[in-house]
>>> print(open('model.cif').read())   # mmCIF, N, CA and C atoms
data_model
loop_
_atom_site.label_atom_id
_atom_site.label_comp_id
_atom_site.auth_asym_id
_atom_site.auth_seq_id
_atom_site.Cartn_x
_atom_site.Cartn_y
_atom_site.Cartn_z
N MET A 1 -180.58 114.52 37.49
CA MET A 1 -179.39 113.75 37.83
C MET A 1 -178.82 113.14 36.55
N ARG A 2 -177.58 113.45 36.28
CA ARG A 2 -176.98 112.92 35.05
C ARG A 2 -176.55 111.47 35.24
N PRO A 3 -176.65 110.68 34.17
CA PRO A 3 -176.18 109.29 34.28
C PRO A 3 -174.67 109.27 34.49
N LYS A 4 -174.18 108.32 35.28
CA LYS A 4 -172.74 108.20 35.50
C LYS A 4 -172.09 107.60 34.27
N ARG A 5 -170.89 108.00 34.03
CA ARG A 5 -170.09 107.46 32.93
C ARG A 5 -169.07 106.50 33.51
N LYS A 6 -168.44 105.72 32.64
CA LYS A 6 -167.47 104.73 33.13
C LYS A 6 -166.34 105.39 33.91
N GLY A 7 -166.00 106.62 33.60
CA GLY A 7 -164.94 107.32 34.31
C GLY A 7 -165.28 107.59 35.76
N ASP A 8 -166.57 107.56 36.12
CA ASP A 8 -166.99 107.82 37.49
C ASP A 8 -166.47 106.73 38.43
N PHE A 9 -166.15 105.58 37.93
CA PHE A 9 -165.69 104.48 38.76
C PHE A 9 -164.25 104.67 39.25
N VAL A 10 -163.46 105.51 38.60
CA VAL A 10 -162.05 105.62 38.93
C VAL A 10 -161.79 106.33 40.25
N THR A 11 -162.79 106.93 40.87
CA THR A 11 -162.58 107.61 42.14
C THR A 11 -162.56 106.64 43.32
N ARG A 12 -162.89 105.40 43.13
CA ARG A 12 -162.94 104.39 44.19
C ARG A 12 -161.67 103.53 44.14
N LYS A 13 -161.45 102.76 45.21
CA LYS A 13 -160.34 101.81 45.22
C LYS A 13 -160.58 100.77 44.13
N LYS A 14 -159.50 100.38 43.46
CA LYS A 14 -159.64 99.42 42.37
C LYS A 14 -160.28 98.11 42.81
N SER A 15 -159.99 97.66 44.03
CA SER A 15 -160.53 96.38 44.49
C SER A 15 -162.03 96.44 44.69
N ASP A 16 -162.58 97.63 44.88
CA ASP A 16 -164.01 97.77 45.12
C ASP A 16 -164.81 98.06 43.85
N LEU A 17 -164.14 98.38 42.77
CA LEU A 17 -164.82 98.82 41.56
C LEU A 17 -165.78 97.77 41.00
N PHE A 18 -165.31 96.56 40.85
CA PHE A 18 -166.14 95.53 40.25
C PHE A 18 -167.35 95.23 41.12
N GLU A 19 -167.13 95.06 42.42
CA GLU A 19 -168.23 94.75 43.33
C GLU A 19 -169.25 95.88 43.37
N GLU A 20 -168.76 97.11 43.36
CA GLU A 20 -169.66 98.27 43.34
C GLU A 20 -170.49 98.29 42.05
N ALA A 21 -169.84 98.00 40.94
CA ALA A 21 -170.53 98.00 39.65
C ALA A 21 -171.58 96.90 39.61
N ILE A 22 -171.29 95.74 40.17
CA ILE A 22 -172.27 94.65 40.19
C ILE A 22 -173.48 95.05 41.03
N ARG A 23 -173.23 95.65 42.20
CA ARG A 23 -174.36 96.11 43.04
C ARG A 23 -175.19 97.16 42.30
N LYS A 24 -174.52 98.06 41.62
CA LYS A 24 -175.21 99.10 40.86
C LYS A 24 -176.07 98.46 39.76
N LEU A 25 -175.51 97.49 39.08
CA LEU A 25 -176.24 96.81 38.02
C LEU A 25 -177.46 96.08 38.57
N GLN A 26 -177.32 95.44 39.71
CA GLN A 26 -178.45 94.76 40.34
C GLN A 26 -179.55 95.76 40.69
N ASN A 27 -179.17 96.91 41.23
CA ASN A 27 -180.15 97.94 41.58
C ASN A 27 -180.88 98.46 40.35
N LEU A 28 -180.14 98.68 39.27
CA LEU A 28 -180.76 99.15 38.03
C LEU A 28 -181.75 98.12 37.49
N VAL A 29 -181.37 96.87 37.52
CA VAL A 29 -182.25 95.81 37.03
C VAL A 29 -183.53 95.76 37.87
N GLU A 30 -183.38 95.85 39.19
CA GLU A 30 -184.55 95.85 40.07
C GLU A 30 -185.49 97.01 39.76
N LYS A 31 -184.92 98.20 39.54
CA LYS A 31 -185.74 99.37 39.19
C LYS A 31 -186.53 99.11 37.91
N LEU A 32 -185.82 98.59 36.90
CA LEU A 32 -186.46 98.35 35.61
C LEU A 32 -187.51 97.25 35.68
N GLU A 33 -187.24 96.22 36.48
CA GLU A 33 -188.19 95.11 36.59
C GLU A 33 -189.49 95.51 37.28
N LYS A 34 -189.43 96.53 38.13
CA LYS A 34 -190.67 97.00 38.78
C LYS A 34 -191.65 97.52 37.74
N GLY A 35 -191.14 98.14 36.70
CA GLY A 35 -191.99 98.61 35.61
C GLY A 35 -192.74 99.89 35.90
N ASP A 36 -192.39 100.62 36.96
CA ASP A 36 -193.13 101.83 37.28
C ASP A 36 -192.37 103.12 36.97
N LEU A 37 -191.25 103.02 36.25
CA LEU A 37 -190.47 104.21 35.89
C LEU A 37 -191.08 104.88 34.65
N PRO A 38 -191.04 106.20 34.59
CA PRO A 38 -191.43 106.87 33.35
C PRO A 38 -190.47 106.43 32.24
N LEU A 39 -190.93 106.49 31.03
CA LEU A 39 -190.15 105.99 29.89
C LEU A 39 -188.76 106.62 29.83
N GLU A 40 -188.67 107.92 29.97
CA GLU A 40 -187.37 108.61 29.87
C GLU A 40 -186.40 108.10 30.95
N GLU A 41 -186.90 107.95 32.17
CA GLU A 41 -186.05 107.48 33.27
C GLU A 41 -185.66 106.00 33.05
N ALA A 42 -186.59 105.22 32.53
CA ALA A 42 -186.30 103.81 32.24
C ALA A 42 -185.21 103.70 31.18
N MET A 43 -185.27 104.57 30.17
CA MET A 43 -184.25 104.56 29.12
C MET A 43 -182.89 104.95 29.68
N GLU A 44 -182.87 105.94 30.60
CA GLU A 44 -181.62 106.34 31.23
C GLU A 44 -181.05 105.19 32.07
N CYS A 45 -181.92 104.50 32.82
CA CYS A 45 -181.48 103.36 33.62
C CYS A 45 -180.93 102.26 32.72
N PHE A 46 -181.61 102.02 31.62
CA PHE A 46 -181.16 100.98 30.69
C PHE A 46 -179.78 101.32 30.13
N SER A 47 -179.61 102.58 29.71
CA SER A 47 -178.31 103.00 29.15
C SER A 47 -177.21 102.89 30.19
N GLU A 48 -177.51 103.32 31.40
CA GLU A 48 -176.53 103.23 32.48
C GLU A 48 -176.21 101.76 32.78
N GLY A 49 -177.23 100.93 32.74
CA GLY A 49 -177.03 99.49 32.97
C GLY A 49 -176.14 98.87 31.90
N MET A 50 -176.33 99.27 30.66
CA MET A 50 -175.50 98.74 29.57
C MET A 50 -174.04 99.17 29.75
N ARG A 51 -173.82 100.43 30.12
CA ARG A 51 -172.44 100.90 30.35
C ARG A 51 -171.82 100.15 31.53
N THR A 52 -172.60 99.95 32.57
CA THR A 52 -172.10 99.25 33.76
C THR A 52 -171.80 97.79 33.43
N ALA A 53 -172.67 97.15 32.66
CA ALA A 53 -172.45 95.76 32.27
C ALA A 53 -171.18 95.64 31.41
N GLN A 54 -170.95 96.59 30.52
CA GLN A 54 -169.74 96.58 29.70
C GLN A 54 -168.50 96.75 30.56
N PHE A 55 -168.57 97.63 31.55
CA PHE A 55 -167.46 97.81 32.49
C PHE A 55 -167.16 96.49 33.21
N CYS A 56 -168.22 95.84 33.72
CA CYS A 56 -168.04 94.56 34.42
C CYS A 56 -167.44 93.50 33.50
N HIS A 57 -167.92 93.47 32.28
CA HIS A 57 -167.40 92.50 31.31
C HIS A 57 -165.91 92.72 31.06
N ARG A 58 -165.51 93.98 30.90
CA ARG A 58 -164.08 94.28 30.69
C ARG A 58 -163.26 93.85 31.90
N LYS A 59 -163.77 94.13 33.12
CA LYS A 59 -163.04 93.74 34.33
C LYS A 59 -162.91 92.22 34.42
N LEU A 60 -163.95 91.50 34.08
CA LEU A 60 -163.88 90.04 34.10
C LEU A 60 -162.87 89.52 33.08
N GLU A 61 -162.86 90.13 31.89
CA GLU A 61 -161.87 89.72 30.88
C GLU A 61 -160.45 89.99 31.36
N GLU A 62 -160.24 91.15 32.00
CA GLU A 62 -158.91 91.47 32.52
C GLU A 62 -158.49 90.43 33.56
N ALA A 63 -159.40 90.07 34.45
CA ALA A 63 -159.09 89.07 35.48
C ALA A 63 -158.79 87.72 34.84
N GLU A 64 -159.60 87.35 33.86
CA GLU A 64 -159.40 86.07 33.19
C GLU A 64 -158.03 86.01 32.52
N ASN A 65 -157.60 87.12 31.93
CA ASN A 65 -156.30 87.17 31.26
C ASN A 65 -155.15 87.05 32.25
N LYS A 66 -155.37 87.41 33.51
CA LYS A 66 -154.32 87.34 34.52
C LYS A 66 -154.22 85.95 35.16
N VAL A 67 -155.28 85.18 35.07
CA VAL A 67 -155.28 83.87 35.71
C VAL A 67 -154.39 82.92 34.91
N GLN A 68 -153.52 82.25 35.61
CA GLN A 68 -152.64 81.27 34.98
C GLN A 68 -152.82 79.93 35.68
N MET A 69 -152.70 78.86 34.93
CA MET A 69 -152.73 77.52 35.51
C MET A 69 -151.30 77.01 35.57
N LEU A 70 -150.99 76.30 36.64
CA LEU A 70 -149.69 75.64 36.72
C LEU A 70 -149.86 74.19 36.29
N LEU A 71 -149.04 73.79 35.34
CA LEU A 71 -149.11 72.43 34.80
C LEU A 71 -147.73 71.80 34.86
N LYS A 72 -147.70 70.49 35.08
CA LYS A 72 -146.43 69.77 35.02
C LYS A 72 -146.20 69.33 33.59
N ASP A 73 -144.98 69.58 33.10
CA ASP A 73 -144.65 69.10 31.77
C ASP A 73 -144.16 67.66 31.84
N GLN A 74 -143.73 67.09 30.72
CA GLN A 74 -143.32 65.70 30.67
C GLN A 74 -142.08 65.42 31.52
N GLN A 75 -141.28 66.43 31.78
CA GLN A 75 -140.09 66.26 32.61
C GLN A 75 -140.41 66.46 34.09
N GLY A 76 -141.66 66.72 34.42
CA GLY A 76 -142.07 66.90 35.81
C GLY A 76 -141.84 68.30 36.34
N GLU A 77 -141.51 69.24 35.47
CA GLU A 77 -141.30 70.62 35.90
C GLU A 77 -142.61 71.40 35.77
N TRP A 78 -142.79 72.32 36.70
CA TRP A 78 -143.99 73.15 36.68
C TRP A 78 -143.84 74.27 35.65
N LYS A 79 -144.85 74.45 34.82
CA LYS A 79 -144.90 75.52 33.81
C LYS A 79 -146.25 76.21 33.95
N SER A 80 -146.27 77.50 33.65
CA SER A 80 -147.55 78.21 33.67
C SER A 80 -148.13 78.22 32.26
N ALA A 81 -149.44 78.17 32.21
CA ALA A 81 -150.15 78.20 30.93
C ALA A 81 -151.40 79.05 31.11
N PRO A 82 -151.84 79.71 30.05
CA PRO A 82 -153.04 80.53 30.16
C PRO A 82 -154.24 79.67 30.56
N PHE A 83 -155.08 80.25 31.39
CA PHE A 83 -156.31 79.58 31.80
C PHE A 83 -157.34 79.73 30.69
N GLU A 84 -157.94 78.63 30.27
CA GLU A 84 -158.98 78.67 29.26
C GLU A 84 -160.24 78.07 29.87
N PRO A 85 -161.24 78.90 30.16
CA PRO A 85 -162.46 78.38 30.79
C PRO A 85 -163.19 77.42 29.88
N ALA A 86 -163.88 76.47 30.49
CA ALA A 86 -164.66 75.52 29.73
C ALA A 86 -165.82 76.24 29.06
N GLN A 87 -166.11 75.87 27.85
CA GLN A 87 -167.24 76.46 27.13
C GLN A 87 -168.50 75.75 27.57
N THR A 88 -169.53 76.52 27.88
CA THR A 88 -170.80 75.92 28.26
C THR A 88 -171.82 76.16 27.17
N SER A 89 -172.71 75.22 27.05
CA SER A 89 -173.79 75.37 26.09
C SER A 89 -174.88 76.23 26.71
N PRO A 90 -175.67 76.91 25.88
CA PRO A 90 -176.76 77.71 26.44
C PRO A 90 -177.68 76.85 27.30
N GLY A 91 -178.06 77.39 28.45
CA GLY A 91 -178.95 76.67 29.35
C GLY A 91 -178.24 75.84 30.38
N GLU A 92 -176.90 75.77 30.35
CA GLU A 92 -176.15 74.98 31.33
C GLU A 92 -175.76 75.78 32.56
N ASP A 93 -176.13 77.05 32.62
CA ASP A 93 -175.71 77.90 33.73
C ASP A 93 -176.19 77.37 35.00
#
>>> encode(input="model.cif", output="structure tokens")
Amino acid sequence: MRPKRKGDFVTRKKSDLFEEAIRKLQNLVEKLEKGDLPLEEAMECFSEGMRTAQFCHRKLEEAENKVQMLLKDQQGEWKSAPFEPAQTSPGED
């Protein structure tokens, strides 16, 4: 069975792509955490997991870039501004 490439995701509805990729990533992590895969298969799972994680990261960045905050300016008019997430320190998750 060949590992899926990022292009394999385009056959699904766009709204389902991210959720499907997250489920796939969770399954890959569970397989790897069991520790009973042969080395070659574990390496394939790891590589597929990295590609899937990169896909998810790109989708999250795209979503973040689309999010806008509405703010009132000094004249009381609503203006949109880019959303900037708060930075968290390591361990605050």
>>> residues_around(input="model.cif", residues="Cys56 (chain A)", least_positions_apart="2", cutoff="12 Å", atoms="only C-alpha atoms", output="compact mmCIF listing (two decimals) with N, CA and C atoms, in the frame of the given file")
# COMPACT_ATOMS: atom_id res chain seq x y z
N LYS A 6 -168.44 105.72 32.64
CA LYS A 6 -167.47 104.73 33.13
C LYS A 6 -166.34 105.39 33.91
N PHE A 9 -166.15 105.58 37.93
CA PHE A 9 -165.69 104.48 38.76
C PHE A 9 -164.25 104.67 39.25
N ASP A 16 -162.58 97.63 44.88
CA ASP A 16 -164.01 97.77 45.12
C ASP A 16 -164.81 98.06 43.85
N LEU A 17 -164.14 98.38 42.77
CA LEU A 17 -164.82 98.82 41.56
C LEU A 17 -165.78 97.77 41.00
N PHE A 18 -165.31 96.56 40.85
CA PHE A 18 -166.14 95.53 40.25
C PHE A 18 -167.35 95.23 41.12
N GLU A 19 -167.13 95.06 42.42
CA GLU A 19 -168.23 94.75 43.33
C GLU A 19 -169.25 95.88 43.37
N GLU A 20 -168.76 97.11 43.36
CA GLU A 20 -169.66 98.27 43.34
C GLU A 20 -170.49 98.29 42.05
N ALA A 21 -169.84 98.00 40.94
CA ALA A 21 -170.53 98.00 39.65
C ALA A 21 -171.58 96.90 39.61
N ILE A 22 -171.29 95.74 40.17
CA ILE A 22 -172.27 94.65 40.19
C ILE A 22 -173.48 95.05 41.03
N ARG A 23 -173.23 95.65 42.20
CA ARG A 23 -174.36 96.11 43.04
C ARG A 23 -175.19 97.16 42.30
N LYS A 24 -174.52 98.06 41.62
CA LYS A 24 -175.21 99.10 40.86
C LYS A 24 -176.07 98.46 39.76
N LEU A 25 -175.51 97.49 39.08
CA LEU A 25 -176.24 96.81 38.02
C LEU A 25 -177.46 96.08 38.57
N GLN A 26 -177.32 95.44 39.71
CA GLN A 26 -178.45 94.76 40.34
C GLN A 26 -179.55 95.76 40.69
N GLY A 49 -177.23 100.93 32.74
CA GLY A 49 -177.03 99.49 32.97
C GLY A 49 -176.14 98.87 31.90
N MET A 50 -176.33 99.27 30.66
CA MET A 50 -175.50 98.74 29.57
C MET A 50 -174.04 99.17 29.75
N ARG A 51 -173.82 100.43 30.12
CA ARG A 51 -172.44 100.90 30.35
C ARG A 51 -171.82 100.15 31.53
N THR A 52 -172.60 99.95 32.57
CA THR A 52 -172.10 99.25 33.76
C THR A 52 -171.80 97.79 33.43
N ALA A 53 -172.67 97.15 32.66
CA ALA A 53 -172.45 95.76 32.27
C ALA A 53 -171.18 95.64 31.41
N GLN A 54 -170.95 96.59 30.52
CA GLN A 54 -169.74 96.58 29.70
C GLN A 54 -168.50 96.75 30.56
N ARG A 58 -165.51 93.98 30.90
CA ARG A 58 -164.08 94.28 30.69
C ARG A 58 -163.26 93.85 31.90
N LYS A 59 -163.77 94.13 33.12
CA LYS A 59 -163.04 93.74 34.33
C LYS A 59 -162.91 92.22 34.42
N LEU A 60 -163.95 91.50 34.08
CA LEU A 60 -163.88 90.04 34.10
C LEU A 60 -162.87 89.52 33.08
N GLU A 61 -162.86 90.13 31.89
CA GLU A 61 -161.87 89.72 30.88
C GLU A 61 -160.45 89.99 31.36
N GLU A 62 -160.24 91.15 32.00
CA GLU A 62 -158.91 91.47 32.52
C GLU A 62 -158.49 90.43 33.56
N ALA A 63 -159.40 90.07 34.45
CA ALA A 63 -159.09 89.07 35.48
C ALA A 63 -158.79 87.72 34.84
>>> atom_distance(input="model.cif", atom1="CA of Glu30 (chain A)", atom2="CA of Glu48 (chain A)")
13.3 Å
>>> residues_around(input="model.cif", residues="Lys31 (chain A)", least_positions_apart="3", cutoff="12 Å", atoms="only C-alpha atoms", output="ChimeraX atom specification")
/A:24-28,34-38,41-46,49
>>> write_last_selection(input="model.cif", atoms="N, CA and C atoms", output="PDB file, keeping the file's coordinate frame")
ATOM      1  N   LYS A  24    -174.520  98.060  41.620  1.00  0.00           N
ATOM      2  CA  LYS A  24    -175.210  99.100  40.860  1.00  0.00           C
ATOM      3  C   LYS A  24    -176.070  98.460  39.760  1.00  0.00           C
ATOM      4  N   LEU A  25    -175.510  97.490  39.080  1.00  0.00           N
ATOM      5  CA  LEU A  25    -176.240  96.810  38.020  1.00  0.00           C
ATOM      6  C   LEU A  25    -177.460  96.080  38.570  1.00  0.00           C
ATOM      7  N   GLN A  26    -177.320  95.440  39.710  1.00  0.00           N
ATOM      8  CA  GLN A  26    -178.450  94.760  40.340  1.00  0.00           C
ATOM      9  C   GLN A  26    -179.550  95.760  40.690  1.00  0.00           C
ATOM     10  N   ASN A  27    -179.170  96.910  41.230  1.00  0.00           N
ATOM     11  CA  ASN A  27    -180.150  97.940  41.580  1.00  0.00           C
ATOM     12  C   ASN A  27    -180.880  98.460  40.350  1.00  0.00           C
ATOM     13  N   LEU A  28    -180.140  98.680  39.270  1.00  0.00           N
ATOM     14  CA  LEU A  28    -180.760  99.150  38.030  1.00  0.00           C
ATOM     15  C   LEU A  28    -181.750  98.120  37.490  1.00  0.00           C
ATOM     16  N   LYS A  34    -189.430  96.530  38.130  1.00  0.00           N
ATOM     17  CA  LYS A  34    -190.670  97.000  38.780  1.00  0.00           C
ATOM     18  C   LYS A  34    -191.650  97.520  37.740  1.00  0.00           C
ATOM     19  N   GLY A  35    -191.140  98.140  36.700  1.00  0.00           N
ATOM     20  CA  GLY A  35    -191.990  98.610  35.610  1.00  0.00           C
ATOM     21  C   GLY A  35    -192.740  99.890  35.900  1.00  0.00           C
ATOM     22  N   ASP A  36    -192.390 100.620  36.960  1.00  0.00           N
ATOM     23  CA  ASP A  36    -193.130 101.830  37.280  1.00  0.00           C
ATOM     24  C   ASP A  36    -192.370 103.120  36.970  1.00  0.00           C
ATOM     25  N   LEU A  37    -191.250 103.020  36.250  1.00  0.00           N
ATOM     26  CA  LEU A  37    -190.470 104.210  35.890  1.00  0.00           C
ATOM     27  C   LEU A  37    -191.080 104.880  34.650  1.00  0.00           C
ATOM     28  N   PRO A  38    -191.040 106.200  34.590  1.00  0.00           N
ATOM     29  CA  PRO A  38    -191.430 106.870  33.350  1.00  0.00           C
ATOM     30  C   PRO A  38    -190.470 106.430  32.240  1.00  0.00           C
ATOM     31  N   GLU A  41    -186.900 107.950  32.170  1.00  0.00           N
ATOM     32  CA  GLU A  41    -186.050 107.480  33.270  1.00  0.00           C
ATOM     33  C   GLU A  41    -185.660 106.000  33.050  1.00  0.00           C
ATOM     34  N   ALA A  42    -186.590 105.220  32.530  1.00  0.00           N
ATOM     35  CA  ALA A  42    -186.300 103.810  32.240  1.00  0.00           C
ATOM     36  C   ALA A  42    -185.210 103.700  31.180  1.00  0.00           C
ATOM     37  N   MET A  43    -185.270 104.570  30.170  1.00  0.00           N
ATOM     38  CA  MET A  43    -184.250 104.560  29.120  1.00  0.00           C
ATOM     39  C   MET A  43    -182.890 104.950  29.680  1.00  0.00           C
ATOM     40  N   GLU A  44    -182.870 105.940  30.600  1.00  0.00           N
ATOM     41  CA  GLU A  44    -181.620 106.340  31.230  1.00  0.00           C
ATOM     42  C   GLU A  44    -181.050 105.190  32.070  1.00  0.00           C
ATOM     43  N   CYS A  45    -181.920 104.500  32.820  1.00  0.00           N
ATOM     44  CA  CYS A  45    -181.480 103.360  33.620  1.00  0.00           C
ATOM     45  C   CYS A  45    -180.930 102.260  32.720  1.00  0.00           C
ATOM     46  N   PHE A  46    -181.610 102.020  31.620  1.00  0.00           N
ATOM     47  CA  PHE A  46    -181.160 100.980  30.690  1.00  0.00           C
ATOM     48  C   PHE A  46    -179.780 101.320  30.130  1.00  0.00           C
ATOM     49  N   GLY A  49    -177.230 100.930  32.740  1.00  0.00           N
ATOM     50  CA  GLY A  49    -177.030  99.490  32.970  1.00  0.00           C
ATOM     51  C   GLY A  49    -176.140  98.870  31.900  1.00  0.00           C
TER      52      GLY A  49
END
>>> atom_distance(input="model.cif", atom1="atom C of Phe55 (chain A)", atom2="atom C of Val29 (chain A)")
17.0 Å
>>> atom_distance(input="model.cif", atom1="CA of Val67 (chain A)", atom2="atom N of Ser80 (chain A)")
11.2 Å
